[in-house]
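Below is the file query27.cif, which contains mmCIF, C-alpha atoms.
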```cif
data_coords
#
loop_
_atom_site.group_PDB
_atom_site.id
_atom_site.type_symbol
_atom_site.label_atom_id
_atom_site.label_comp_id
_atom_site.auth_asym_id
_atom_site.auth_seq_id
_atom_site.Cartn_x
_atom_site.Cartn_y
_atom_site.Cartn_z
ATOM 1 C CA MET A 1 91.715 174.277 75.787
ATOM 2 C CA SER A 2 91.093 170.749 74.582
ATOM 3 C CA LEU A 3 93.617 167.939 74.575
ATOM 4 C CA ARG A 4 93.613 167.938 70.787
ATOM 5 C CA SER A 5 94.521 171.619 70.565
ATOM 6 C CA PHE A 6 97.187 171.076 73.213
ATOM 7 C CA LEU A 7 98.901 168.205 71.387
ATOM 8 C CA LEU A 8 98.302 169.044 67.736
ATOM 9 C CA PRO A 9 99.449 172.177 65.908
ATOM 10 C CA SER A 10 96.905 174.748 64.858
ATOM 11 C CA SER A 11 95.419 174.518 61.371
ATOM 12 C CA ARG A 12 95.548 178.315 61.057
ATOM 13 C CA PRO A 13 98.566 179.581 59.122
ATOM 14 C CA GLY A 14 101.034 181.968 60.698
ATOM 15 C CA ARG A 15 101.995 182.720 64.225
ATOM 16 C CA ARG A 16 99.212 182.981 66.757
ATOM 17 C CA PRO A 17 99.299 186.000 69.085
ATOM 18 C CA GLY A 18 100.610 185.314 72.559
ATOM 19 C CA ARG A 19 102.458 182.173 71.546
ATOM 20 C CA GLY A 20 106.208 182.015 71.485
ATOM 21 C CA PRO A 21 108.315 179.303 69.937
ATOM 22 C CA SER A 22 107.010 175.820 70.704
ATOM 23 C CA ARG A 23 110.024 174.728 72.732
ATOM 24 C CA GLY A 24 108.166 174.757 76.042
ATOM 25 C CA LEU A 25 106.792 171.225 75.908
ATOM 26 C CA ALA A 26 110.148 169.788 74.826
ATOM 27 C CA THR A 27 111.934 171.705 77.593
ATOM 28 C CA LEU A 28 109.409 170.523 80.166
ATOM 29 C CA ALA A 29 109.713 166.916 79.003
ATOM 30 C CA TRP A 30 113.526 167.130 79.055
ATOM 31 C CA ALA A 31 113.521 168.609 82.581
ATOM 32 C CA GLY A 32 111.114 165.926 83.825
ATOM 33 C CA LEU A 33 113.140 163.127 82.266
ATOM 34 C CA THR A 34 116.370 164.519 83.707
ATOM 35 C CA LEU A 35 114.810 164.726 87.150
ATOM 36 C CA LEU A 36 113.507 161.164 86.944
ATOM 37 C CA VAL A 37 116.908 159.841 85.898
ATOM 38 C CA TRP A 38 118.698 161.872 88.557
ATOM 39 C CA VAL A 39 116.483 160.766 91.440
ATOM 40 C CA GLY A 40 115.767 157.265 90.099
ATOM 41 C CA SER A 41 117.749 155.501 92.790
ATOM 42 C CA ALA A 42 116.235 157.594 95.561
ATOM 43 C CA ALA A 43 112.690 156.944 94.378
ATOM 44 C CA ALA A 44 113.207 153.213 94.007
ATOM 45 C CA HIS A 45 112.377 150.662 96.658
ATOM 46 C CA GLY A 46 116.002 150.005 97.599
ATOM 47 C CA VAL A 47 117.671 147.041 99.212
ATOM 48 C CA SER A 48 120.406 147.148 101.828
ATOM 49 C CA VAL A 49 122.655 144.288 102.847
ATOM 50 C CA GLN A 50 124.772 143.523 105.883
ATOM 51 C CA THR A 51 127.568 140.980 105.956
ATOM 52 C CA GLY A 52 129.413 139.542 108.905
ATOM 53 C CA GLN A 53 131.587 136.735 110.081
ATOM 54 C CA GLY A 54 131.952 134.636 113.175
ATOM 55 C CA PRO A 55 131.969 130.854 113.298
ATOM 56 C CA ALA A 56 130.319 131.135 109.868
ATOM 57 C CA ALA A 57 129.957 133.865 107.269
ATOM 58 C CA TRP A 58 126.512 135.447 107.080
ATOM 59 C CA VAL A 59 124.511 137.960 105.093
ATOM 60 C CA ARG A 60 121.219 139.756 105.864
ATOM 61 C CA ALA A 61 119.177 141.708 103.311
ATOM 62 C CA GLU A 62 116.247 144.057 103.825
ATOM 63 C CA TYR A 63 114.265 146.564 101.805
ATOM 64 C CA SER A 64 114.599 150.296 102.402
ATOM 65 C CA ASP A 65 111.439 150.309 104.542
ATOM 66 C CA GLY A 66 113.014 147.807 106.972
ATOM 67 C CA GLU A 67 111.112 144.726 105.762
ATOM 68 C CA ALA A 68 113.259 141.606 105.490
ATOM 69 C CA MET A 69 114.021 140.264 102.003
ATOM 70 C CA SER A 70 112.440 136.923 102.916
ATOM 71 C CA PHE A 71 113.234 133.740 101.001
ATOM 72 C CA ALA A 72 115.441 135.515 98.450
ATOM 73 C CA LYS A 73 117.614 133.413 96.149
ATOM 74 C CA VAL A 74 121.226 133.513 97.367
ATOM 75 C CA ARG A 75 124.321 132.683 95.343
ATOM 76 C CA VAL A 76 127.752 132.685 96.978
ATOM 77 C CA LEU A 77 130.799 132.986 94.725
ATOM 78 C CA ASP A 78 134.208 131.888 95.997
ATOM 79 C CA PRO A 79 137.390 133.984 95.631
ATOM 80 C CA LYS A 80 137.986 132.450 92.169
ATOM 81 C CA GLY A 81 134.548 133.599 90.963
ATOM 82 C CA GLN A 82 133.064 130.089 90.848
ATOM 83 C CA THR A 83 129.681 129.313 92.375
ATOM 84 C CA PHE A 84 130.388 128.083 95.891
ATOM 85 C CA GLN A 85 126.888 127.675 97.311
ATOM 86 C CA VAL A 86 123.301 128.330 96.236
ATOM 87 C CA GLY A 87 120.280 128.552 98.517
ATOM 88 C CA ASN A 88 117.473 130.697 99.898
ATOM 89 C CA ALA A 89 117.466 133.196 102.720
ATOM 90 C CA ASP A 90 115.184 132.513 105.668
ATOM 91 C CA GLU A 91 112.051 134.492 106.599
ATOM 92 C CA ARG A 92 114.265 137.143 108.257
ATOM 93 C CA GLY A 93 116.337 137.630 105.082
ATOM 94 C CA GLN A 94 119.395 135.897 106.560
ATOM 95 C CA PHE A 95 121.722 133.319 105.027
ATOM 96 C CA ALA A 96 124.877 131.707 106.473
ATOM 97 C CA TRP A 97 127.591 129.471 105.013
ATOM 98 C CA LEU A 98 130.961 127.999 105.964
ATOM 99 C CA PRO A 99 133.782 129.204 103.703
ATOM 100 C CA THR A 100 136.478 126.643 102.918
ATOM 101 C CA GLY A 101 139.391 129.037 102.429
ATOM 102 C CA ALA A 102 140.588 132.591 102.831
ATOM 103 C CA GLY A 103 139.633 135.245 100.284
ATOM 104 C CA THR A 104 136.853 137.567 99.204
ATOM 105 C CA TYR A 105 133.472 135.884 98.770
ATOM 106 C CA ARG A 106 130.799 137.632 96.725
ATOM 107 C CA VAL A 107 127.136 137.148 97.640
ATOM 108 C CA VAL A 108 124.268 137.876 95.229
ATOM 109 C CA LEU A 109 120.681 138.047 96.530
ATOM 110 C CA GLU A 110 117.615 138.262 94.262
ATOM 111 C CA ASP A 111 113.973 138.232 95.335
ATOM 112 C CA GLY A 112 112.472 137.375 91.928
ATOM 113 C CA GLN A 113 110.628 140.707 91.731
ATOM 114 C CA GLY A 114 113.439 142.783 90.282
ATOM 115 C CA HIS A 115 115.351 143.538 93.476
ATOM 116 C CA ARG A 116 118.974 142.457 93.423
ATOM 117 C CA VAL A 117 121.871 143.243 95.738
ATOM 118 C CA GLU A 118 125.500 142.169 95.848
ATOM 119 C CA ALA A 119 127.974 142.272 98.713
ATOM 120 C CA ASN A 120 131.561 141.206 99.322
ATOM 121 C CA LEU A 121 132.879 139.478 102.433
ATOM 122 C CA ASP A 122 136.598 139.125 103.209
ATOM 123 C CA TRP A 123 137.193 135.805 104.954
ATOM 124 C CA ASN A 124 140.464 134.784 106.600
ATOM 125 C CA ALA A 125 141.555 132.372 109.336
ATOM 126 C CA GLU A 126 141.745 135.083 112.033
ATOM 127 C CA SER A 127 138.201 136.273 111.364
ATOM 128 C CA GLN A 128 136.725 132.896 112.294
ATOM 129 C CA ALA A 129 137.310 133.607 115.981
ATOM 130 C CA ALA A 130 136.088 137.209 115.832
ATOM 131 C CA PRO A 131 132.519 138.087 116.855
ATOM 132 C CA PRO A 132 130.153 139.141 114.049
ATOM 133 C CA ALA A 133 130.789 142.711 112.934
ATOM 134 C CA PRO A 134 128.150 143.867 110.431
ATOM 135 C CA ALA A 135 129.230 146.171 107.637
ATOM 136 C CA LEU A 136 126.650 148.079 105.612
ATOM 137 C CA ALA A 137 127.133 148.010 101.859
ATOM 138 C CA ASN A 138 125.312 148.977 98.675
ATOM 139 C CA GLN A 139 122.740 151.377 100.134
ATOM 140 C CA PRO A 140 120.904 153.803 97.861
ATOM 141 C CA GLY A 141 120.494 157.492 98.737
ATOM 142 C CA LEU A 142 117.429 157.537 101.007
ATOM 143 C CA THR A 143 117.955 154.156 102.669
ATOM 144 C CA GLY A 144 118.252 154.576 106.385
ATOM 145 C CA GLN A 145 116.281 157.825 106.366
ATOM 146 C CA PRO A 146 113.149 157.964 108.510
ATOM 147 C CA LEU A 147 109.818 157.405 106.787
ATOM 148 C CA TRP A 148 108.791 161.057 107.181
ATOM 149 C CA VAL A 149 111.921 162.235 105.311
ATOM 150 C CA ARG A 150 111.209 159.891 102.410
ATOM 151 C CA ALA A 151 107.567 161.047 102.399
ATOM 152 C CA ILE A 152 108.668 164.698 102.171
ATOM 153 C CA TRP A 153 110.935 163.857 99.205
ATOM 154 C CA GLY A 154 108.059 162.097 97.458
ATOM 155 C CA LEU A 155 105.628 164.957 98.099
ATOM 156 C CA SER A 156 108.150 167.541 96.912
ATOM 157 C CA PHE A 157 108.501 165.625 93.641
ATOM 158 C CA LEU A 158 104.708 165.584 93.207
ATOM 159 C CA PHE A 159 104.533 169.323 93.947
ATOM 160 C CA TRP A 160 107.260 169.916 91.355
ATOM 161 C CA LEU A 161 105.240 168.002 88.763
ATOM 162 C CA GLY A 162 102.127 169.992 89.635
ATOM 163 C CA GLY A 163 104.024 173.279 89.480
ATOM 164 C CA ALA A 164 105.483 172.394 86.094
ATOM 165 C CA TRP A 165 102.013 171.535 84.795
ATOM 166 C CA PHE A 166 100.446 174.768 86.044
ATOM 167 C CA TRP A 167 103.379 176.790 84.710
ATOM 168 C CA TRP A 168 102.885 175.195 81.303
ATOM 169 C CA LYS A 169 99.149 175.840 81.327
ATOM 170 C CA GLY A 170 99.472 179.367 82.730
ATOM 171 C CA ARG A 171 102.059 180.661 80.268
ATOM 172 C CA ILE A 172 99.521 180.627 77.405
ATOM 173 C CA ARG A 173 97.283 183.647 77.980
ATOM 174 C CA PRO A 174 94.592 184.691 75.545
ATOM 175 C CA ARG A 175 94.704 188.341 74.557
#
```

Show me the file's structure as structure tokens.
Amino acid sequence: MSLRSFLLPSSRPGRRPGRGPSRGLATLAWAGLTLLVWVGSAAAHGVSVQTGQGPAAWVRAEYSDGEAMSFAKVRVLDPKGQTFQVGNADERGQFAWLPTGAGTYRVVLEDGQGHRVEANLDWNAESQAAPPAPALANQPGLTGQPLWVRAIWGLSFLFWLGGAWFWWKGRIRPR
């Protein structure tokens, strides 16, 4: 079967034997699109962020494979929502600042390649004396999973695509 006969309708009038209604391709496309939308966050190269406080407030960002989000643009917003500080993370994906007052500070990190992550940090006078206590935030579905688990998810998706293709090709049988 050629690509042309697969994509274009037949020039012969009437219903061809062995062919049902032509809803199969639309159903397959709809199922594939639904699956891609549903697992979009799991298939993406995610970013996780940790925040903490000690003598200073700090944030650390890394990709889902454990690589640091090096030299990312960092913007810190104060409790009023105004830009408090702007800078870049270091080579380990870390950034620290000294808050001036109590409240919830929002931190936005962007690497310039489409990865963006936001985190909130509650800062108060008592927390300045406390040791750093990291809190994980904004992690997509497969972040934190071992590499072999993520590889199995990726392979299962490829096998699903292959199975859908062979199902589509195998359902049309000449008589």

For this session: Evaluate the PyMOL selection byres ((chain A and resi 71) around 6) on the structure here and hand back the selected residues as a VMD selection string.
Result: chain A and resid 70 72 88 to 91

Exercise. For Val108 in chain A, which of A:Gly81, A:Gly32, A:Gly163, A:Gly154 is the closest residue, counting all atoms listed in the file?
Worked result: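 Using all atoms listed in the file, the shortest distance to Val108 in chain A belongs to A:Gly81.
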
For this session: Quick one: pull the distance between CA of Leu155 in chain A and CA of Gly112 in chain A, Å, one decimal.
Result: 29.1 Å

For this session: Fewer than 6 positions away in the same chain doesn't count, so skip those; otherwise give me all residues within 6 Å of Met69 in chain A, counting only C-alpha atoms, as a PyMOL selection string.
Result: chain A and resi 61-62+93

For this session: Name the closest residue to Arg75 in chain A among the candidates A:Trp58, A:Leu35, A:Leu109, A:Gly46; distances are taken between atoms, counting all atoms listed in the file.
Result: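 Among the listed residues, the smallest separation from Arg75 in chain A belongs to A:Leu109.
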
Exercise. How many Å separate CA of Val59 in chain A from CA of Glu118 in chain A?
Worked result: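 Distance reported for this atom pair: 10.2 Å.
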
Exercise. Between CA of Val149 in chain A and CA of Ala164 in chain A, what is the spacing in Å?
Worked result: 22.7 Å

For this session: Compile the contact shell of Val117 in chain A as a list of chain:residue names: residues with an atom at most 8 Å away, counting all atoms listed in the file, same-chain residues fewer than 6 positions apart removed.
Result: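 The residues satisfying every condition are A:Val47, A:Ser48, A:Val49, A:Val108, A:Leu109, A:Glu110, A:Asn138.
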
Exercise. Skipping near chain neighbours, those fewer than 5 positions away, what residues fall within 12 Å of Trp165 in chain A using all atoms listed in the file, listed as a PyMOL selection string?
Worked result: chain A and resi 24-25+28-29+32+158-160+170-172

Problem set entry | Ground truth for the PyMOL selection byres ((chain A and resi 106) around 9), written as a list of chain:residue names | A:Arg75, A:Val76, A:Leu77, A:Asp78, A:Pro79, A:Gly81, A:Thr104, A:Tyr105, A:Val107, A:Val108, A:Glu118, A:Ala119, A:Asn120, A:Leu121, A:Asp122

Could those selected residues go to a file with C-alpha atoms, as a PDB file, in the frame of the given file?
```pdb
ATOM      1  CA  ARG A  75     124.321 132.683  95.343  1.00  0.00           C
ATOM      2  CA  VAL A  76     127.752 132.685  96.978  1.00  0.00           C
ATOM      3  CA  LEU A  77     130.799 132.986  94.725  1.00  0.00           C
ATOM      4  CA  ASP A  78     134.208 131.888  95.997  1.00  0.00           C
ATOM      5  CA  PRO A  79     137.390 133.984  95.631  1.00  0.00           C
ATOM      6  CA  GLY A  81     134.548 133.599  90.963  1.00  0.00           C
ATOM      7  CA  THR A 104     136.853 137.567  99.204  1.00  0.00           C
ATOM      8  CA  TYR A 105     133.472 135.884  98.770  1.00  0.00           C
ATOM      9  CA  VAL A 107     127.136 137.148  97.640  1.00  0.00           C
ATOM     10  CA  VAL A 108     124.268 137.876  95.229  1.00  0.00           C
ATOM     11  CA  GLU A 118     125.500 142.169  95.848  1.00  0.00           C
ATOM     12  CA  ALA A 119     127.974 142.272  98.713  1.00  0.00           C
ATOM     13  CA  ASN A 120     131.561 141.206  99.322  1.00  0.00           C
ATOM     14  CA  LEU A 121     132.879 139.478 102.433  1.00  0.00           C
ATOM     15  CA  ASP A 122     136.598 139.125 103.209  1.00  0.00           C
TER      16      ASP A 122
END
```

Problem set entry | Residue with smallest distance to Ala96 in chain A - pool A:Trp167, A:Gly162, A:Ala26, A:Arg60, counting all atoms listed in the file |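 Looking at the shortest contact to Ala96 in chain A, the residue is A:Arg60.
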